[in-house]
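Undergrad: Supplied structure: my_file-v5.cif, mmCIF, C-alpha atoms.
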data_query
loop_
_atom_site.label_atom_id
_atom_site.label_comp_id
_atom_site.auth_asym_id
_atom_site.auth_seq_id
_atom_site.Cartn_x
_atom_site.Cartn_y
_atom_site.Cartn_z
CA MET S 1 -1.31 27.42 -7.18
CA ALA S 2 -3.26 25.17 -9.54
CA LEU S 3 -1.68 21.97 -10.80
CA GLY S 4 -2.99 19.65 -13.50
CA ASP S 5 -2.08 17.56 -16.50
CA TYR S 6 -4.73 18.10 -19.15
CA SER S 7 -3.85 19.91 -22.39
CA ASN S 8 -5.42 20.52 -25.77
CA ASN S 9 -3.77 21.80 -28.94
CA ASP S 10 -7.05 23.03 -30.40
CA ASN S 11 -7.21 26.75 -29.69
CA SER S 12 -10.64 27.17 -31.28
CA ARG S 13 -12.36 26.16 -28.06
CA LYS S 14 -16.06 26.92 -27.90
CA LYS S 15 -17.78 28.03 -24.74
CA TYR S 16 -20.21 25.48 -23.38
CA TYR S 17 -22.04 25.01 -20.13
CA GLU S 18 -20.21 22.89 -17.58
CA PRO S 19 -21.72 22.42 -14.12
CA GLN S 20 -19.44 22.87 -11.14
CA VAL S 21 -20.38 20.78 -8.13
CA TYR S 22 -18.96 21.31 -4.65
CA SER S 23 -18.67 18.32 -2.34
CA LYS S 24 -19.93 18.43 1.24
CA TYR S 25 -17.05 16.15 2.22
CA GLY S 26 -14.81 19.19 2.77
CA THR S 27 -13.18 19.40 6.22
CA SER S 28 -10.98 21.75 8.23
CA ASN S 29 -8.49 21.53 11.08
CA THR S 30 -7.41 24.59 13.06
CA ASP S 31 -5.09 22.52 15.26
CA GLY S 32 -3.19 20.59 12.60
CA VAL S 33 0.53 20.79 11.90
CA ASP S 34 -0.45 23.24 9.14
CA PRO S 35 -3.91 24.68 10.05
CA SER S 36 -5.90 24.43 6.85
CA ALA S 37 -9.12 23.46 5.11
CA LEU S 38 -9.54 20.64 2.61
CA SER S 39 -12.22 20.97 -0.06
CA TYR S 40 -13.35 19.15 -3.18
CA SER S 41 -15.25 20.11 -6.31
CA PHE S 42 -15.99 18.65 -9.75
CA PHE S 43 -15.67 20.50 -13.05
CA ASN S 44 -15.17 19.54 -16.70
CA GLY S 45 -14.95 15.85 -15.79
CA LEU S 46 -12.16 16.42 -13.27
CA LEU S 47 -11.89 16.27 -9.50
CA LYS S 48 -10.39 19.38 -7.92
CA ILE S 49 -8.72 18.97 -4.53
CA SER S 50 -7.81 22.17 -2.68
CA ILE S 51 -5.95 22.95 0.53
CA ALA S 52 -6.44 26.48 1.85
CA PRO S 53 -4.26 27.79 4.69
CA MET S 54 -5.76 29.49 7.72
CA LEU S 55 -5.68 33.27 7.55
CA PRO S 56 -2.85 34.68 9.71
CA SER S 57 -5.23 36.83 11.75
CA ALA S 58 -7.95 34.22 12.06
CA LYS S 59 -9.19 32.77 15.32
CA PRO S 60 -11.01 29.44 15.78
CA ASP S 61 -14.34 31.24 16.31
CA ASP S 62 -14.06 33.42 13.19
CA LYS S 63 -16.61 32.78 10.43
CA GLN S 64 -14.06 33.11 7.62
CA LEU S 65 -10.90 31.24 8.51
CA TRP S 66 -9.39 30.18 5.23
CA ASP S 67 -7.31 31.97 2.62
CA HIS S 68 -8.85 30.58 -0.56
CA GLN S 69 -7.05 33.20 -2.65
CA ASN S 70 -3.75 31.47 -1.87
CA GLU S 71 -4.88 27.85 -1.73
CA ALA S 72 -3.12 24.96 -3.46
CA SER S 73 -5.26 23.01 -5.92
CA ILE S 74 -4.76 19.98 -8.11
CA TRP S 75 -6.99 18.49 -10.81
CA LEU S 76 -7.38 14.73 -11.10
CA PRO S 77 -8.88 12.71 -13.96
CA HIS S 78 -10.70 9.57 -12.89
CA PHE S 79 -7.80 7.17 -13.40
CA LYS S 80 -5.43 9.20 -11.24
CA ALA S 81 -8.07 9.36 -8.52
CA LYS S 82 -8.11 5.56 -8.54
CA LEU S 83 -4.30 5.43 -8.44
CA LEU S 84 -4.24 7.80 -5.47
CA LEU S 85 -6.82 5.63 -3.71
CA ASP S 86 -4.64 2.58 -4.29
CA GLU S 87 -1.64 4.39 -2.79
CA ILE S 88 -3.62 5.38 0.32
CA ASN S 89 -4.68 1.79 0.81
CA TYR S 90 -1.08 0.61 0.44
CA VAL S 91 0.28 3.12 2.96
CA GLN S 92 -2.40 2.11 5.46
CA ALA S 93 -1.72 -1.59 4.94
CA HIS S 94 2.08 -1.27 5.31
CA PRO S 95 2.69 1.19 8.18
CA ASP S 96 6.16 -0.23 8.92
CA GLU S 97 7.37 -0.21 5.31
CA VAL S 98 6.30 3.11 3.79
CA ASN S 99 5.61 6.60 5.12
CA ASN S 100 3.79 8.07 2.13
CA GLY S 101 2.46 7.35 -1.33
CA GLY S 102 1.15 9.60 -4.08
CA ILE S 103 0.94 10.48 -7.76
CA ILE S 104 2.53 13.03 -10.08
CA ILE S 105 0.25 15.79 -11.38
CA GLY S 106 1.36 17.47 -14.58
CA GLU S 107 5.05 18.35 -14.74
CA GLU S 108 5.56 19.84 -11.29
CA GLY S 109 2.80 18.67 -8.97
CA LEU S 110 2.77 15.87 -6.42
CA ILE S 111 -0.12 14.89 -4.16
CA SER S 112 0.55 12.28 -1.53
CA PHE S 113 -1.02 10.61 1.47
CA SER S 114 1.38 10.51 4.42
CA ASN S 115 1.39 8.98 7.88
CA GLY S 116 2.62 12.40 9.02
CA LYS S 117 6.11 11.41 10.14
CA GLU S 118 7.91 13.31 7.39
CA ILE S 119 6.43 16.66 8.51
CA GLY S 120 6.21 16.03 12.24
CA ALA S 121 2.46 15.43 12.37
CA SER S 122 0.86 13.08 14.88
CA SER S 123 -1.75 11.77 12.45
CA PRO S 124 -2.00 11.16 8.67
CA CYS S 125 -1.93 14.08 6.25
CA LEU S 126 -2.75 14.91 2.65
CA ILE S 127 0.10 16.91 1.10
CA ILE S 128 0.22 18.92 -2.13
CA ARG S 129 3.70 19.86 -3.31
CA LYS S 130 5.07 21.87 -6.20
CA ILE S 131 8.31 20.23 -7.34
CA ASP S 132 11.29 21.83 -9.08
CA GLN S 133 11.75 19.85 -12.30
CA ASN S 134 15.53 20.19 -12.23
CA THR S 135 16.35 19.42 -8.61
CA GLY S 136 13.31 17.46 -7.46
CA GLU S 137 13.03 19.69 -4.40
CA ALA S 138 9.69 20.97 -3.16
CA THR S 139 9.27 24.69 -3.81
CA SER S 140 5.83 24.85 -2.18
CA VAL S 141 4.14 22.57 0.37
CA TYR S 142 0.54 22.58 1.58
CA ALA S 143 -0.59 19.98 4.12
CA TYR S 144 -3.91 19.05 5.64
CA GLN S 145 -3.76 16.93 8.80
CA PHE S 146 -6.76 14.64 9.10
CA LYS S 147 -8.45 15.00 12.49
CA ALA S 148 -7.91 11.90 14.61
CA ASP S 149 -9.74 12.70 17.88
CA TYR S 150 -12.76 14.69 16.71
CA TYR S 151 -15.40 12.15 15.64
CA LYS S 152 -17.08 10.17 18.40
CA THR S 153 -20.13 7.98 18.82
CA VAL S 154 -21.97 6.75 21.93
CA ARG S 155 -22.56 3.13 22.87
CA ASN S 156 -24.30 1.33 25.74
CA TYR S 157 -26.28 4.36 26.89
CA ASN S 158 -28.54 3.34 29.76
CA PRO S 159 -31.36 5.74 30.66
CA ALA S 160 -31.49 4.14 34.12
CA ASP S 161 -27.88 5.14 34.62
CA PRO S 162 -27.31 8.09 32.26
CA SER S 163 -23.78 8.71 33.44
CA ASN S 164 -22.70 5.24 32.41
CA PHE S 165 -21.99 5.06 28.69
CA GLU S 166 -19.06 4.65 26.33
CA PHE S 167 -17.55 7.16 23.87
CA VAL S 168 -16.06 5.53 20.78
CA ASP S 169 -13.42 7.36 18.76
CA HIS S 170 -13.29 7.22 14.95
CA PRO S 171 -9.71 8.33 14.21
CA ILE S 172 -9.75 7.59 10.46
CA PHE S 173 -13.25 8.87 9.68
CA GLU S 174 -12.04 11.79 7.50
CA ILE S 175 -9.63 9.53 5.67
CA GLU S 176 -12.40 7.05 4.91
CA GLN S 177 -14.59 9.86 3.61
CA PHE S 178 -11.77 11.00 1.33
CA LYS S 179 -11.28 7.44 0.09
CA GLU S 180 -15.02 7.11 -0.54
CA LEU S 181 -14.97 10.31 -2.60
CA LEU S 182 -12.06 9.04 -4.72
CA ARG S 183 -13.74 5.67 -5.18
CA THR S 184 -17.18 6.97 -6.14
CA TYR S 185 -15.75 9.63 -8.47
CA SER S 186 -13.52 7.18 -10.34
CA SER S 187 -16.29 4.58 -10.66
CA SER S 188 -18.99 7.10 -11.59
CA MET S 189 -16.89 8.41 -14.49
CA SER S 190 -17.34 5.05 -16.21
CA GLY S 191 -20.70 6.46 -17.30
CA ALA S 192 -22.60 3.42 -16.04
CA ALA S 193 -24.43 5.28 -13.26
CA ALA S 194 -25.29 8.17 -15.58
CA TYR S 195 -26.64 5.81 -18.21
CA ALA S 196 -28.72 3.91 -15.66
CA GLN S 197 -30.21 7.17 -14.43
CA MET S 198 -31.06 8.25 -17.97
CA TYR S 199 -32.47 4.81 -18.77
CA TYR S 200 -34.87 4.74 -15.83
CA GLU S 201 -35.90 8.36 -16.37
CA ARG S 202 -36.63 7.94 -20.09
CA PHE S 203 -40.39 7.60 -19.57
CA GLU S 204 -40.54 10.74 -17.45
CA THR S 205 -38.37 12.51 -20.02
CA ASN S 206 -40.72 11.49 -22.80
CA ARG S 207 -43.74 12.71 -20.83
CA THR S 208 -42.04 16.06 -20.30
CA ARG S 209 -41.10 16.23 -23.98
CA THR S 210 -44.67 15.52 -25.00
CA LYS S 211 -45.88 18.44 -22.89
CA LEU S 212 -43.24 20.70 -24.41
CA GLU S 213 -44.24 19.61 -27.91
CA LEU S 214 -47.86 20.57 -27.24
CA ILE S 215 -46.73 24.00 -26.05
CA MET S 216 -44.44 24.36 -29.09
CA ASP S 217 -47.28 23.38 -31.43
CA LYS S 218 -49.52 26.09 -29.99
CA LEU S 219 -46.73 28.65 -30.33
CA GLY S 220 -45.81 27.53 -33.84
CA ILE S 221 -42.26 26.54 -32.89
CA GLU S 222 -40.54 23.95 -35.08
CA SER S 223 -37.90 21.56 -33.76
CA ALA S 224 -35.94 18.62 -35.13
CA GLU S 225 -34.08 17.85 -31.92
CA TYR S 226 -32.71 14.31 -31.63
CA GLY S 227 -33.81 13.52 -35.15
CA ARG S 228 -37.49 13.99 -34.33
CA GLN S 229 -39.51 15.02 -37.43
CA ARG S 230 -42.71 16.90 -36.93
CA THR S 231 -45.73 15.67 -38.91
CA SER S 232 -48.00 17.84 -41.00
CA SER S 233 -50.61 17.76 -38.23
CA GLY S 234 -48.15 19.35 -35.86
CA GLY S 235 -47.65 16.32 -33.62
CA GLY S 236 -44.18 14.94 -32.99
CA GLN S 237 -43.20 11.36 -33.61
CA ASN S 238 -41.48 11.50 -30.21
CA LYS S 239 -38.58 9.25 -31.13
CA SER S 240 -36.12 9.22 -28.29
CA TYR S 241 -32.61 7.89 -28.71
CA PHE S 242 -33.36 5.20 -26.12
CA ASN S 243 -36.55 3.98 -27.79
CA ASN S 244 -35.33 3.82 -31.39
CA ALA S 245 -31.58 4.24 -31.59
CA ALA S 246 -31.46 2.29 -34.86
CA GLY S 247 -34.27 4.20 -36.54
CA LYS S 248 -33.60 6.09 -39.75
CA ASN S 249 -34.66 9.38 -38.19
CA ASN S 250 -32.11 9.10 -35.40
CA SER S 251 -28.48 10.10 -35.66
CA ILE S 252 -25.58 10.43 -33.28
CA PRO S 253 -24.45 14.06 -32.83
CA SER S 254 -21.08 14.77 -34.42
CA ASN S 255 -19.69 16.53 -31.32
CA THR S 256 -19.89 13.61 -28.90
CA GLY S 257 -16.13 13.06 -28.67
CA MET S 258 -14.15 13.38 -25.45
CA ARG S 259 -13.34 16.96 -24.44
CA SER S 260 -10.15 18.16 -22.85
CA THR S 261 -8.84 21.62 -22.18
CA THR S 262 -5.94 23.51 -20.70
CA MET S 263 -5.79 24.39 -17.01
CA ASP S 264 -5.77 28.11 -17.87
CA ALA S 265 -8.97 27.59 -19.85
CA LEU S 266 -10.50 25.77 -16.90
CA ALA S 267 -9.72 28.70 -14.66
CA ASP S 268 -11.34 31.06 -17.18
CA ASP S 269 -14.49 28.94 -17.27
CA ILE S 270 -14.77 28.86 -13.49
CA GLU S 271 -14.34 32.62 -13.16
#
Take the structure from the file and write it as structure tokens.

TA:
Amino acid sequence: MALGDYSNNDNSRKKYYEPQVYSKYGTSNTDGVDPSALSYSFFNGLLKISIAPMLPSAKPDDKQLWDHQNEASIWLPHFKAKLLLDEINYVQAHPDEVNNGGIIIGEEGLISFSNGKEIGASSPCLIIRKIDQNTGEATSVYAYQFKADYYKTVRNYNPADPSNFEFVDHPIFEIEQFKELLRTYSSSMSGAAAYAQMYYERFETNRTRTKLELIMDKLGIESAEYGRQRTSSGGGQNKSYFNNAAGKNNSIPSNTGMRSTTMDALADDIE
């Protein structure tokens, strides 16, 4: 079950390379109210959040526990990730006023952060629901219960008395990691971090380009990439967009507009 809200009326979509990045922040809980695994990945400018149920025949010591073929997934653009983060913060700040908060995904999806009371869980949960548009009832529910008694640290260890130390619980560690992922994804999509990285790497990029130009010259390969015109002697003028954006030999590519696509097309690209 994949839920999302991006669409595009242009059916003449061209294939292009899009990296898919999997986050190491994924977690699992075999003892939760709904034993499941929570995972995250990034593709086509979107954040994918997936909840996979535990396989019926699985045991805690099995290597493959999760049924990813029947997982529930939602796709979030950066602004909805920020809205979800705001809702999590509100639920945490008002435990006596609200039990859950979330956002609508597409026409029938709902992802929410819950204190767990609504589903009988003893600790907070992330819940993905598929909602009937006519009745508002949930036709499918996937829940991941954040582990509350798993992460511990040690304080006041004394080598002279090794049995005397203190374990410290971190009951909201997984929640904080999830919030950090939402925060960094939404802020990174501003493009500021990407630009800064490109800016500081421009000298290394130019050095690499110079080496490639020398190889191309020896092989007799012509190139006009990024508006760079090759001289009669074979050397390139090496005009990068950063160094001379206003130069007459530089131009902005015509295909730099924002891209969007349908969820079916996303699935095709991933497969």

Undergrad: Just the residues within 9 Å of segment 70-87 of chain S, please, counting only C-alpha atoms, with nothing from its chain fewer than 5 positions along; format it as a PyMOL selection string.

TA: chain S and resi 1-6+45-53+92+100-105+109-113+128-129+141-142+178-180+182-183+185-190+263

Undergrad: Residues around (-22.9, 5.5, 23.2), cut-off 8 Å, counting all atoms listed in the file - what are they as a ChimeraX atom specification?

TA: /S:153-157,165-168

Undergrad: Mind giving me the straight-line distance from atom CA of Pro56 of chain S to atom CA of Gln145 of chain S in Å, one decimal?

TA: 17.8 Å

Undergrad: Check which residues satisfy the PyMOL selection byres ((chain S and resi 34) around 7) in the file shown, then give them as a PyMOL selection string.

TA: chain S and resi 32-33+35-36+143-144

Undergrad: Please compute the atom CA of Thr139 of chain S-atom CA of Leu126 of chain S distance, one decimal, in Å.

TA: 16.8 Å

Undergrad: Just give me the gap between atom CA of Ser41 of chain S and atom CA of Tyr25 of chain S in Å, one decimal is fine.

TA: 9.6 Å

Undergrad: Using only C-alpha atoms, which residue out of S:Gln133, S:Ala121, S:Gln197, S:Ile88 lies closest to Glu107 of chain S?

TA: S:Gln133

Undergrad: Using all atoms listed in the file, pick whichever of S:Leu38, S:Asn89, S:Leu212, S:Tyr195 has the shortest atom-to-atom distance to Cys125 of chain S.

TA: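 Selected residue with least distance to Cys125 of chain S: S:Leu38.
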
Undergrad: Sorted by chain and rising residue number, list the residues of segment 19-47 of chain S at most 12 Å from segment 172-175 of chain S (counting only C-alpha atoms), each with its closest atom pair and distance in Å to one decimal, as JSON lines.

TA:
{"residue": "S:Tyr25", "atom": "CA", "partner": "S:Glu174", "partner_atom": "CA", "distance": 8.5}
{"residue": "S:Gly26", "atom": "CA", "partner": "S:Glu174", "partner_atom": "CA", "distance": 9.2}
{"residue": "S:Thr27", "atom": "CA", "partner": "S:Glu174", "partner_atom": "CA", "distance": 7.8}
{"residue": "S:Ser28", "atom": "CA", "partner": "S:Glu174", "partner_atom": "CA", "distance": 10.0}
{"residue": "S:Asn29", "atom": "CA", "partner": "S:Glu174", "partner_atom": "CA", "distance": 11.0}
{"residue": "S:Leu38", "atom": "CA", "partner": "S:Glu174", "partner_atom": "CA", "distance": 10.4}
{"residue": "S:Ser39", "atom": "CA", "partner": "S:Glu174", "partner_atom": "CA", "distance": 11.9}

Undergrad: With 4 Å on each side, where is the centre of the axis-aligned box around all listed atoms of segment 111-122 of chain S, and how long are its edges in Å to one decimal, as JSON?

TA:
{"center_x": 3.4, "center_y": 12.8, "center_z": 5.4, "size_x": 16.9, "size_y": 15.7, "size_z": 27.0}

Undergrad: Near Tyr151 of chain S, counting all atoms listed in the file, which residues have an atom at most 8 Å away, once you skip same-chain residues fewer than 4 positions from it, shown as a list in words?

TA: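 Result of the neighbour search: Asp169, His170, Pro171 and Phe173 of chain S.
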
Undergrad: Just checking: using only C-alpha atoms, which residue out of S:Lys24, S:His68, S:Arg209, S:Lys147 ends up closest to Leu55 of chain S?

TA: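 Ranking S:Lys24, S:His68, S:Arg209, S:Lys147 by distance to Leu55 of chain S, first place goes to S:His68.
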
Undergrad: For the structure provided, state which residues fall under the PyMOL selection byres ((chain S and resi 21) around 8), and present them as a ChimeraX atom specification.

TA: /S:19-20,22-23,41-43

Undergrad: Counting only C-alpha atoms, which residue out of S:Tyr40, S:Tyr90, S:Glu108, S:Tyr200 sits closest to Asn134 of chain S?

TA: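 Nearest to Asn134 of chain S: S:Glu108.
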
Undergrad: Which one of S:Pro124, S:Phe203, S:Ala193, S:Glu222 sits closest to Val91 of chain S if you count all atoms listed in the file?

TA: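 Of S:Pro124, S:Phe203, S:Ala193, S:Glu222, the one nearest Val91 of chain S is S:Pro124, counting all atoms listed in the file.
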